[in-house]
file structure.csv (CSV, C-alpha atoms)
chain,number,residue,atom,x,y,z
A,295,MET,CA,11.3,45.3,-32.0
A,296,ALA,CA,9.4,42.4,-33.6
A,297,LYS,CA,12.5,40.3,-33.3
A,298,LEU,CA,13.0,41.2,-29.7
A,299,LEU,CA,9.3,40.5,-28.9
A,300,SER,CA,9.7,37.1,-30.6
A,301,VAL,CA,12.7,36.2,-28.4
A,302,VAL,CA,10.9,37.3,-25.3
A,303,LEU,CA,7.8,35.2,-26.2
A,304,CYS,CA,10.1,32.2,-26.9
A,305,ALA,CA,11.7,32.6,-23.5
A,306,LEU,CA,8.4,32.8,-21.8
A,307,CYS,CA,7.2,29.7,-23.5
A,308,ILE,CA,10.3,27.8,-22.3
A,309,ILE,CA,9.8,29.0,-18.8
A,310,ALA,CA,6.1,28.1,-18.9
A,311,GLY,CA,7.0,24.7,-20.2
A,312,SER,CA,9.5,24.1,-17.5
A,313,ILE,CA,6.9,25.1,-14.8
A,314,GLN,CA,4.3,22.8,-16.4
A,315,PHE,CA,6.7,19.9,-16.3
A,316,ALA,CA,7.6,20.5,-12.7
A,317,CYS,CA,4.0,20.7,-11.7
A,318,ALA,CA,3.1,17.6,-13.6
A,319,THR,CA,5.2,15.4,-11.2
A,320,ASP,CA,3.0,14.1,-8.4
A,321,VAL,CA,2.8,11.2,-6.0
A,322,ASN,CA,-0.2,9.9,-3.9
A,323,VAL,CA,-1.0,7.5,-1.2
A,324,LEU,CA,-4.0,5.5,-2.5
A,325,GLU,CA,-4.6,2.9,0.3
A,326,PHE,CA,-3.0,2.5,3.7
A,327,PRO,CA,-3.6,0.7,7.0
A,328,LYS,CA,-4.6,2.7,10.0
A,329,MET,CA,-3.1,0.2,12.5
A,330,VAL,CA,0.5,-1.1,12.3
A,331,ALA,CA,2.8,-2.9,14.7
A,332,PRO,CA,6.6,-2.6,15.2
A,333,GLY,CA,8.4,-5.5,13.5
A,334,GLU,CA,5.6,-6.1,11.0
A,335,ASP,CA,5.1,-5.0,7.4
A,336,ALA,CA,2.7,-2.3,6.3
A,337,ASN,CA,1.2,-2.6,2.8
A,338,VAL,CA,0.8,0.9,1.3
A,339,LYS,CA,-0.6,1.5,-2.2
A,340,VAL,CA,0.9,4.5,-3.9
A,341,SER,CA,1.0,6.1,-7.3
A,342,TRP,CA,3.3,8.4,-9.2
A,343,ASN,CA,3.1,10.5,-12.4
A,344,ASP,CA,5.8,12.0,-14.6
A,345,VAL,CA,8.9,11.0,-12.5
A,346,PRO,CA,12.1,11.1,-14.7
A,347,THR,CA,13.7,7.7,-15.2
A,348,ASP,CA,17.0,9.1,-16.5
A,349,LYS,CA,18.1,10.3,-13.1
A,350,ASP,CA,18.5,8.5,-9.7
A,351,TYR,CA,15.0,9.2,-8.4
A,352,VAL,CA,13.3,6.6,-6.3
A,353,ILE,CA,9.9,6.4,-4.7
A,354,ARG,CA,10.2,6.6,-0.9
A,355,VAL,CA,7.4,5.3,1.3
A,356,GLN,CA,7.7,6.4,4.9
A,357,LEU,CA,5.8,6.1,8.2
A,358,GLU,CA,6.5,9.1,10.5
A,359,ASP,CA,5.5,10.9,13.7
A,360,TRP,CA,8.1,13.5,14.6
A,361,ASP,CA,6.2,14.6,17.7
A,362,ALA,CA,6.2,11.1,19.3
A,363,LYS,CA,8.7,10.3,22.0
A,364,PRO,CA,10.8,8.7,20.6
A,365,PRO,CA,10.0,10.0,17.1
A,366,VAL,CA,8.6,7.4,14.7
A,367,CYS,CA,10.3,7.0,11.3
A,368,SER,CA,10.5,3.9,9.1
A,369,PHE,CA,11.1,4.2,5.3
A,370,LYS,CA,12.0,2.2,2.2
A,371,ASP,CA,13.0,3.3,-1.3
A,372,PHE,CA,11.7,1.7,-4.4
A,373,PRO,CA,13.2,2.0,-7.9
A,374,VAL,CA,11.3,3.8,-10.6
A,375,SER,CA,10.9,1.6,-13.6
A,376,SER,CA,8.4,3.8,-15.5
A,377,PRO,CA,7.6,7.5,-15.4
A,378,SER,CA,4.0,6.8,-14.1
A,379,GLY,CA,2.5,3.9,-12.3
A,380,GLU,CA,1.2,2.5,-9.0
A,381,MET,CA,2.2,-0.3,-6.7
A,382,THR,CA,1.6,-1.8,-3.3
A,383,ALA,CA,4.7,-1.0,-1.3
A,384,VAL,CA,5.7,-3.4,1.5
A,385,LEU,CA,7.1,-1.2,4.2
A,386,PRO,CA,8.9,-2.9,7.1
A,387,ILE,CA,8.1,-1.1,10.4
A,388,ALA,CA,11.3,-1.0,12.6
A,389,SER,CA,11.1,-3.4,15.5
A,390,ASN,CA,12.3,-0.6,17.9
A,391,THR,CA,9.5,1.8,16.8
A,392,GLY,CA,7.7,3.4,19.7
A,393,GLY,CA,4.0,3.9,20.0
A,394,SER,CA,1.9,6.6,18.3
A,395,ALA,CA,-1.7,7.5,17.8
A,396,SER,CA,-1.0,10.2,15.3
A,397,ALA,CA,1.5,8.8,12.7
A,398,LYS,CA,1.1,9.2,9.0
A,399,PHE,CA,2.3,7.7,5.7
A,400,VAL,CA,4.3,9.8,3.3
A,401,VAL,CA,5.3,9.1,-0.3
A,402,ALA,CA,7.9,11.0,-2.1
A,403,ALA,CA,9.8,11.1,-5.4
A,404,LEU,CA,13.4,12.0,-4.4
A,405,SER,CA,17.0,11.5,-5.3
A,406,LYS,CA,18.6,8.2,-4.1
A,407,SER,CA,21.9,10.0,-3.4
A,408,LYS,CA,20.7,13.3,-2.1
A,409,ALA,CA,17.4,12.2,-0.4
A,410,TRP,CA,15.2,15.1,0.7
A,411,ASP,CA,17.7,17.6,-0.6
A,412,ASP,CA,16.4,16.7,-4.1
A,413,CYS,CA,12.7,15.9,-3.7
A,414,ILE,CA,10.5,16.7,-6.7
A,415,ALA,CA,7.2,15.6,-5.3
A,416,SER,CA,5.8,14.5,-1.9
A,417,ASN,CA,2.4,13.8,-0.4
A,418,GLY,CA,1.0,12.2,2.8
A,419,THR,CA,-2.0,11.0,4.7
A,420,ASP,CA,-3.7,12.6,7.6
A,421,LYS,CA,-2.2,11.8,11.0
A,422,VAL,CA,-4.6,8.9,11.6
A,423,VAL,CA,-2.2,5.9,11.8
A,424,THR,CA,-1.7,4.1,15.1
A,425,VAL,CA,1.5,2.2,15.9
A,426,ASN,CA,0.6,-0.4,18.5
A,427,SER,CA,3.0,-3.1,19.8
A,428,SER,CA,0.1,-5.2,21.0
A,429,PHE,CA,-1.5,-5.4,17.6
A,430,LYS,CA,-1.0,-8.5,15.5
A,431,PHE,CA,-2.5,-9.5,12.1
A,432,GLU,CA,-0.9,-12.1,9.8
A,433,ILE,CA,-1.6,-14.8,7.3
A,434,THR,CA,0.0,-17.8,9.1
A,435,GLU,CA,-0.7,-20.5,6.5
A,436,SER,CA,-1.7,-20.4,2.8
A,437,PRO,CA,-1.3,-22.8,-0.2
A,438,SER,CA,1.2,-22.0,-3.0
A,439,THR,CA,-1.1,-23.7,-5.6
A,440,VAL,CA,-4.9,-23.7,-5.8
A,441,SER,CA,-7.1,-25.6,-8.2
A,442,LYS,CA,-10.0,-24.3,-10.2
A,443,GLY,CA,-13.3,-25.4,-8.8
A,444,SER,CA,-11.8,-25.9,-5.3
A,445,ALA,CA,-11.8,-24.0,-2.0
A,446,ALA,CA,-8.4,-22.4,-1.0
A,447,LYS,CA,-7.9,-22.5,2.8
A,448,VAL,CA,-6.1,-19.6,4.4
A,449,LYS,CA,-5.2,-19.5,8.1
A,450,LEU,CA,-5.3,-16.1,9.8
A,451,SER,CA,-4.3,-14.8,13.2
A,452,TRP,CA,-5.0,-11.5,14.9
A,453,LYS,CA,-5.1,-9.8,18.3
A,454,ASP,CA,-6.0,-6.4,19.7
A,455,VAL,CA,-8.2,-5.6,16.8
A,456,LYS,CA,-10.4,-2.9,18.5
A,457,ILE,CA,-13.0,-2.3,15.8
A,458,SER,CA,-16.6,-3.2,15.6
A,459,PRO,CA,-18.0,-5.7,13.0
A,460,SER,CA,-20.8,-3.2,12.6
A,461,ASN,CA,-18.3,-0.7,11.1
A,462,TYR,CA,-15.6,-3.0,9.6
A,463,LYS,CA,-15.6,-6.4,7.8
A,464,LEU,CA,-12.8,-8.8,7.2
A,465,VAL,CA,-12.1,-9.7,3.5
A,466,VAL,CA,-9.8,-12.5,2.5
A,467,GLN,CA,-9.1,-12.9,-1.2
A,468,ILE,CA,-6.8,-14.3,-3.8
A,469,GLU,CA,-5.9,-11.7,-6.4
A,470,ASN,CA,-3.9,-10.9,-9.5
A,471,TRP,CA,-4.4,-7.4,-10.9
A,472,GLU,CA,-1.6,-7.8,-13.4
A,473,ALA,CA,-3.4,-10.6,-15.2
A,474,LYS,CA,-5.5,-9.7,-18.3
A,475,PRO,CA,-8.1,-9.3,-17.1
A,476,GLY,CA,-7.3,-8.9,-13.4
A,477,PHE,CA,-9.3,-10.8,-10.9
A,478,ALA,CA,-10.0,-11.3,-7.2
A,479,TYR,CA,-12.0,-14.1,-5.5
A,480,VAL,CA,-13.2,-12.9,-2.2
A,481,THR,CA,-14.6,-14.2,1.1
A,482,THR,CA,-16.2,-11.7,3.5
A,483,ILE,CA,-16.4,-12.2,7.3
A,484,THR,CA,-18.8,-10.1,9.2
A,485,ASP,CA,-18.3,-11.5,12.7
A,486,PHE,CA,-15.0,-11.4,14.4
A,487,LYS,CA,-13.5,-11.0,17.9
A,488,PRO,CA,-10.6,-8.8,19.0
A,489,ALA,CA,-8.3,-11.8,19.1
A,490,GLU,CA,-8.8,-14.9,17.0
A,491,GLU,CA,-7.3,-17.6,14.8
A,492,ARG,CA,-9.5,-18.7,11.9
A,493,VAL,CA,-9.3,-20.7,8.7
A,494,VAL,CA,-11.1,-19.0,5.9
A,495,GLU,CA,-12.1,-20.7,2.7
A,496,ILE,CA,-12.1,-18.9,-0.7
A,497,LYS,CA,-14.1,-20.5,-3.5
A,498,ILE,CA,-12.2,-20.7,-6.8
A,499,PRO,CA,-14.6,-20.8,-9.8
A,500,ALA,CA,-14.3,-23.8,-12.1
A,501,ASP,CA,-13.8,-21.4,-15.0
A,502,ALA,CA,-11.1,-19.3,-13.3
A,503,PRO,CA,-8.2,-18.4,-15.6
A,504,SER,CA,-4.9,-20.1,-15.0
A,505,ALA,CA,-2.5,-17.6,-13.5
A,506,LYS,CA,0.9,-17.3,-11.8
A,507,ASP,CA,2.1,-14.5,-9.6
A,508,CYS,CA,-1.1,-14.4,-7.5
A,509,ARG,CA,-1.2,-13.6,-3.8
A,510,PHE,CA,-3.5,-13.8,-0.8
A,511,VAL,CA,-4.7,-10.6,0.9
A,512,ALA,CA,-6.6,-10.2,4.1
A,513,ALA,CA,-7.9,-6.8,5.3
A,514,PHE,CA,-10.2,-5.2,7.8
A,515,ILE,CA,-12.0,-2.6,5.7
A,516,SER,CA,-15.0,-0.3,6.1
A,517,VAL,CA,-18.5,-1.7,5.8
A,518,SER,CA,-19.6,1.5,4.1
A,519,THR,CA,-16.6,2.7,2.1
A,520,ASP,CA,-14.7,-0.6,1.5
A,521,TRP,CA,-11.0,0.1,0.7
A,522,LYS,CA,-11.3,3.8,1.2
A,523,ASP,CA,-11.0,3.1,4.9
A,524,VAL,CA,-8.6,0.2,5.8
A,525,HIS,CA,-7.9,-0.6,9.4
A,526,ALA,CA,-5.3,-3.2,8.7
A,527,VAL,CA,-4.1,-5.3,5.7
A,528,VAL,CA,-1.6,-8.2,5.2
A,529,ALA,CA,-0.6,-10.1,2.1
A,530,THR,CA,1.5,-13.0,1.0
A,531,PRO,CA,4.3,-12.7,-1.7
A,532,LYS,CA,3.1,-13.0,-5.3
A,533,ASP,CA,4.0,-16.6,-5.6
A,534,VAL,CA,0.6,-18.3,-5.7
A,535,GLU,CA,-0.5,-20.2,-8.8
A,536,VAL,CA,-4.1,-21.0,-10.0
A,537,LYS,CA,-4.2,-24.0,-12.2

call {"tool": "encode", "arguments": {"input": "structure.csv", "output": "structure tokens"}}
result
Amino acid sequence: MAKLLSVVLCALCIIAGSIQFACATDVNVLEFPKMVAPGEDANVKVSWNDVPTDKDYVIRVQLEDWDAKPPVCSFKDFPVSSPSGEMTAVLPIASNTGGSASAKFVVAALSKSKAWDDCIASNGTDKVVTVNSSFKFEITESPSTVSKGSAAKVKLSWKDVKISPSNYKLVVQIENWEAKPGFAYVTTITDFKPAEERVVEIKIPADAPSAKDCRFVAAFISVSTDWKDVHAVVATPKDVEVK
């Protein structure tokens, strides 16, 4: 009897361990824009935990609205290089995507070959994303090298930005969060029109660290909650150098 009880307990431990492992895998959308345009990129910050790297799992980032006519669906798969991590995924929005006022972003850890037939974790935002073909927001000009103690000039263009400066602010920054320590030098704009072109200067401190793989980011974010409520965000590739 004691031997049988021991076997049963061992089996239960194995089952419990398997359940715990399965439950440990999770994915989340950390930051996302509420306004996107067909043919443009959406920058979506996501995280994942305990995703196996010895199988063909990928991180899928998707924009969807299955109730729209026609349905909205744009996605991109990203390789998993470590079991846990986070990244800003650049998701191209298909140019033939229709309009929607109730789309959402979804992130999933799933099989590259079997797709949703082998999904080990998924999560999504509320249906608060608008797909608007009239909307435009881009960094049109930016330097590839900036000098310490100087002012980096970044040219922006936007149109059909239907938010109030009393609720949202425009931040423009040069950043590198992979540097040790990570940094961001920011300029904040508190007055803007629905359509505009503007050159924004970002002051680079004289004692700024030398760094490669930096990038410029521009975003309309909440006055009260900052990056917890992002109306729109754009970024350059990570090819800017501070020296």

call {"tool": "residues_around", "arguments": {"input": "structure.csv", "residues": "segment 517-527 of chain A", "least_positions_apart": "2", "cutoff": "7 Å", "atoms": "all atoms listed in the file", "output": "PyMOL selection string"}}
result
chain A and resi 325-329+337+461-463+512-515+529

call {"tool": "residues_around", "arguments": {"input": "structure.csv", "residues": "Val384 of chain A", "least_positions_apart": "4", "cutoff": "7 Å", "atoms": "only C-alpha atoms", "output": "list in words"}}
result
Asp335, Ala336, Asn337 and Val338 of chain A

call {"tool": "residues_around", "arguments": {"input": "structure.csv", "residues": "Gln356 of chain A", "least_positions_apart": "3", "cutoff": "12 Å", "atoms": "all atoms listed in the file", "output": "PyMOL selection string"}}
result
chain A and resi 323+326+335-340+353+359+366-372+383-388+397-403+416-419

call {"tool": "residues_near_point", "arguments": {"input": "structure.csv", "point": "(-6.4, -12.4, -17.0)", "cutoff": "12 Å", "atoms": "only C-alpha atoms", "output": "PyMOL selection string"}}
result
chain A and resi 469-478+501-508+536

call {"tool": "residues_around", "arguments": {"input": "structure.csv", "residues": "segment 394-396 of chain A", "least_positions_apart": "2", "cutoff": "12 Å", "atoms": "all atoms listed in the file", "output": "MDAnalysis selection string"}}
result
chainID A and resid 328:332 357:367 391:392 398:399 419:427

call {"tool": "atom_distance", "arguments": {"input": "structure.csv", "atom1": "atom CA of Val493 of chain A", "atom2": "atom CA of Val440 of chain A"}}
result
15.4 Å

call {"tool": "residues_around", "arguments": {"input": "structure.csv", "residues": "Ser444 of chain A", "least_positions_apart": "5", "cutoff": "10 Å", "atoms": "only C-alpha atoms", "output": "compact mmCIF listing (two decimals) with C-alpha atoms, in the coordinates of the input"}}
result
# COMPACT_ATOMS: atom_id res chain seq x y z
CA GLU A 495 -12.10 -20.70 2.70
CA ILE A 496 -12.10 -18.90 -0.70
CA LYS A 497 -14.10 -20.50 -3.50
CA ILE A 498 -12.20 -20.70 -6.80
CA PRO A 499 -14.60 -20.80 -9.80
CA ALA A 500 -14.30 -23.80 -12.10

call {"tool": "atom_distance", "arguments": {"input": "structure.csv", "atom1": "atom CA of Ala489 of chain A", "atom2": "atom CA of Asp533 of chain A"}}
result
28.0 Å
